[in-house]
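K.L.:
One structure, pasted below without further comment.
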Amino acid sequence: MWKCVKCGTINSDNSQECIVCSSLKKESIQAAGQNMLNNDSLSENVQQNEAQSQQFFTTPPAGSYASQPAYSYNGAVVPSPNKRKKKLIILICILSALILLSIIVGIVIFFIKGNSSDEILVLSKETISSDDSSEEEESASSDDEEPITEEETEEEEIIEEENNSSGTSGLDNPDVSLGEGGSELTILCWTEDDLSYMYDVVANASGMDKSMMNYVNVGTYGSEAHEKYYQYFASDDDVDLYFCDADWNMEFQNNDEYSAPLSAVGITEDMYENAYDFTVDMGKDKNGVLKGATWQVAAGGYAYRTDLAEDYLGITNPDDMQAAISDWDAFWATASTVYEKSNGRTAMADSLGGVWRAYSCGSRTSPWVQDGVLTMDNALDSTGDFISMAKKNYDAGYISTADQWTDDWLPQGMSAGAQANKTFGFFFPSWSLGAGSQLSQAEGEVGEDGSTYGMYNVVCGPTGWFWGGTWICVSPKTDNASEAGQFIYYMTVDQSSMQAYVDVKGDFVNNKVVMENTIFAGVNSNPLLGGQDQFAALSESASKIDMSVVTEYDADINYMFQNAVESYCAGDYSSADDCINGFLNDAAETLVDVTVP
């Protein structure tokens, strides 16, 4: 037995090092024993050490150093190796927790410093910018000039672009040869019915002052209006824009003295990709230059009495009605049934003029004038079998004897009065189907108290066709080129403003997208048509119109030909040949710049 000098632990003789502290310093047990004997007794100490050892040691494997009991020395208990191990584990856990806490704190500090750095960077930039501005101001002050910074230049460019685009979106700059700066945008026309709605639409879309738009009324309409135009132009009074009827718009468009290219006010043909093709064709002069643009499509249809359709034909919806008159042969076959069921009182067509309007704009295949010449062959090619068709069905009672625009014409559509039920329906264009229109008059002119109020529907009929329409032209003498361009753009190109015009005026506008959207929305309900949306039927008609055969002489020629056919039907001409010759004679006297053999 020996005693460890360092910790006082009693070890066995064969121990090379202390089982507690691993010290090699030994003291003979006799010397140690002598010291211990000075206390109570060695045996008592050994027993106490063994008891304490049992508190700190588990039973270790046999033969190991740890299997030796722990002892107390001078009342001090020497801890066992297992307790030290536990303390070490606790210490490691505490250190790990501190390390993890340090990492978390570090991350938080990193983000806080990061945000602070960004703020400092922004403040630094602002400070630098402020310092730079101060330096520039001082420099400018010393040089008596204000330098322009890059940022100021960019802002000025943006403002300039906004000013240029405001109210003229999509427009090119006007031709410098046209005038600017006039006090009024003067518009020459024969009625303010459409213009009164346009003022608000254009003003709202462009920002133009509505009071700047000035309307000049020539006091008449039709062919007489265009004669008034010549007189007005000769007076040299102010005019920027003027409205042309379809019957004579080409007459002015073909004359550079009266009409400027629309490109001169920033309007180009590629803007009309959504327009109906025939309207663009009719806006060009003989050289293919776009001189006029229209906001409307005066597409025509057949407006029929729904009560008579049910009584005479058993038809109760527009689709079945359209099928019954899908072409001219079907139209006249149905006319025969109507005439028979009405005991000879009701004609299918309202007038010869109505039939000719639909036929001439939808069934002609050849121009009247070719290479400056109007011949009988041209006339026959252009009209096909119209003369014989008109005569046959007029004599059969399928066409009313009333003339258009006379006192007997529209009352035929009522169910009361001397002309009651004289016609099954009318060939009406879009402008004849709204409030206060020809259809309104045909229903009784007194609104809901009219004898046939709301008893009509409209269908495309035997052919797609149009009647009339108005083209806007620019005077070369305009002194408001920019405003003229804006007016045309917002009334004939811009979809938003054209939609606004449809919503407020109910007109069929010259934009397929706008009309498709209006039809799809299902918001248009015409009380004169019993709530039907006339646009759906007129859209079908408009899609079939082909005006490639139109010439600038058509208005006069169509009028003279209609008169000749009416005279033939009335018995004034004895044959179709006499009818044609009478027409050619009138044409030779009227068309001074056309050769008529």
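How things are named: the first chain in the structure tokens is A, the next is B, and so on; residues count from 1 in each chain; ligands count from 1 in the order shown.
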Region 181-195 of chain A: which residues within 8 Å, counting only C-alpha atoms, same-chain residues fewer than 5 positions away excluded, as a VMD selection string?

P.N.:
chain A and resid 212 to 221 225 238 to 244 479 to 480 483 to 484 505

K.L.:
Give me the residues near region 271-285 of chain A as a PDB file with C-alpha atoms, in the first residue's frame, where near means some atom within 10 Å (using only C-alpha atoms) and where sequence neighbours in that chain fewer than 4 positions away do not count.

P.N.:
```pdb
ATOM      1  CA  GLY A 170     -51.099  57.415 -83.055  1.00  0.00           C
ATOM      2  CA  LEU A 171     -51.029  60.551 -85.219  1.00  0.00           C
ATOM      3  CA  ALA A 246     -71.701  58.972-100.326  1.00  0.00           C
ATOM      4  CA  ASN A 249     -67.912  62.388-101.908  1.00  0.00           C
ATOM      5  CA  MET A 250     -65.687  61.158-104.757  1.00  0.00           C
ATOM      6  CA  GLU A 251     -66.422  64.317-106.711  1.00  0.00           C
ATOM      7  CA  PHE A 252     -64.585  66.369-104.086  1.00  0.00           C
ATOM      8  CA  GLN A 253     -61.966  63.740-103.282  1.00  0.00           C
ATOM      9  CA  ASN A 254     -60.860  63.676-106.918  1.00  0.00           C
ATOM     10  CA  ASN A 255     -60.238  67.419-106.882  1.00  0.00           C
ATOM     11  CA  ASP A 256     -57.006  68.513-105.158  1.00  0.00           C
ATOM     12  CA  SER A 259     -59.460  68.062-100.679  1.00  0.00           C
ATOM     13  CA  PRO A 261     -54.625  63.920 -98.480  1.00  0.00           C
ATOM     14  CA  LEU A 262     -55.477  62.719 -94.987  1.00  0.00           C
ATOM     15  CA  ILE A 267     -54.046  60.072 -90.849  1.00  0.00           C
ATOM     16  CA  VAL A 289     -54.825  58.529-102.345  1.00  0.00           C
ATOM     17  CA  LEU A 290     -56.861  58.465 -99.130  1.00  0.00           C
ATOM     18  CA  LYS A 291     -58.848  61.703 -99.063  1.00  0.00           C
ATOM     19  CA  GLY A 292     -61.851  60.882 -96.891  1.00  0.00           C
ATOM     20  CA  ALA A 293     -62.723  58.824 -93.822  1.00  0.00           C
ATOM     21  CA  THR A 294     -66.066  57.843 -92.347  1.00  0.00           C
ATOM     22  CA  TRP A 295     -67.123  57.017 -88.811  1.00  0.00           C
ATOM     23  CA  GLN A 296     -70.199  55.069 -89.874  1.00  0.00           C
ATOM     24  CA  VAL A 297     -71.249  52.096 -91.952  1.00  0.00           C
ATOM     25  CA  ALA A 298     -74.651  52.806 -93.419  1.00  0.00           C
ATOM     26  CA  GLY A 469     -72.895  57.360 -95.379  1.00  0.00           C
ATOM     27  CA  THR A 470     -70.766  60.417 -94.767  1.00  0.00           C
ATOM     28  CA  TRP A 471     -67.047  60.920 -95.372  1.00  0.00           C
ATOM     29  CA  ILE A 472     -64.969  63.602 -93.644  1.00  0.00           C
ATOM     30  CA  CYS A 473     -62.587  65.521 -95.896  1.00  0.00           C
ATOM     31  CA  TYR A 489     -58.662  60.314 -85.645  1.00  0.00           C
ATOM     32  CA  THR A 492     -62.871  57.241 -87.362  1.00  0.00           C
ATOM     33  CA  VAL A 493     -59.862  55.407 -85.827  1.00  0.00           C
ATOM     34  CA  ASP A 494     -59.734  55.402 -82.026  1.00  0.00           C
ATOM     35  CA  GLN A 495     -61.690  52.448 -80.638  1.00  0.00           C
ATOM     36  CA  VAL A 509     -69.634  52.674 -86.613  1.00  0.00           C
ATOM     37  CA  ASN A 510     -66.843  51.840 -89.021  1.00  0.00           C
ATOM     38  CA  ASN A 511     -64.837  49.598 -86.719  1.00  0.00           C
ATOM     39  CA  LYS A 512     -65.342  45.835 -86.711  1.00  0.00           C
ATOM     40  CA  VAL A 513     -63.868  45.360 -83.241  1.00  0.00           C
ATOM     41  CA  VAL A 514     -66.134  47.984 -81.693  1.00  0.00           C
ATOM     42  CA  ALA A 542     -71.872  45.082 -93.989  1.00  0.00           C
ATOM     43  CA  SER A 543     -69.566  42.089 -94.371  1.00  0.00           C
ATOM     44  CA  LYS A 544     -71.038  41.371 -97.826  1.00  0.00           C
ATOM     45  CA  ILE A 545     -70.680  44.857 -99.316  1.00  0.00           C
ATOM     46  CA  ASP A 546     -68.362  45.192-102.308  1.00  0.00           C
ATOM     47  CA  MET A 547     -68.001  48.671-103.765  1.00  0.00           C
ATOM     48  CA  SER A 548     -65.150  47.987-106.157  1.00  0.00           C
ATOM     49  CA  VAL A 550     -68.185  52.470-107.661  1.00  0.00           C
ATOM     50  CA  THR A 551     -67.382  55.548-109.757  1.00  0.00           C
ATOM     51  CA  GLU A 552     -67.719  59.247-109.014  1.00  0.00           C
TER      52      GLU A 552
END
```

K.L.:
Name the residues in contact with region 561-573 of chain A at a cut-off of 6 Å, using only C-alpha atoms, excluding same-chain residues fewer than 5 positions from it; report them as a ChimeraX atom specification.

P.N.:
/A:391,578-579,583

K.L.:
Can you pull out every residue within 8 Å of Ala347 (chain A), counting only C-alpha atoms, but drop anything in the same chain fewer than 3 positions away, and send it as a list of chain:residue names?

P.N.:
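Selected residues are A:Ala335, A:Val338, A:Tyr339, A:Gly344, A:Asp350, A:Gly397, A:Tyr398, A:Ile399, A:Ser400, A:Lys422, A:Thr423, A:Phe424.
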
K.L.:
Please report the interatomic distance between CA of Asp245 (chain A) and CA of Thr268 (chain A) in Å with one decimal.

P.N.:
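Taking CA of Asp245 (chain A) and CA of Thr268 (chain A), their separation equals 21.3 Å.
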
K.L.:
Give me every strand (DSSP E) residue in region 281-429 of chain A, going by DSSP on the backbone, as a ChimeraX atom specification.

P.N.:
/A:292-293,299-305,425-429

K.L.:
I'd like the interatomic distance between CA of Asn287 (chain A) and CA of Ala260 (chain A), to a tenth of an Å.

P.N.:
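Separation of CA of Asn287 (chain A) and CA of Ala260 (chain A): 13.1 Å.
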
K.L.:
Restricting the calculation to only C-alpha atoms, which member of A:Leu380, A:Ala396, A:Ala264, A:Ala234 is positioned closest to Pro174 (chain A)?

P.N.:
A:Ala264

K.L.:
Can you tell me how far CA of Met376 (chain A) sits from CA of Trp248 (chain A), in Å to one decimal?

P.N.:
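CA of Trp248 (chain A) lies at a distance of 23.3 Å from CA of Met376 (chain A).
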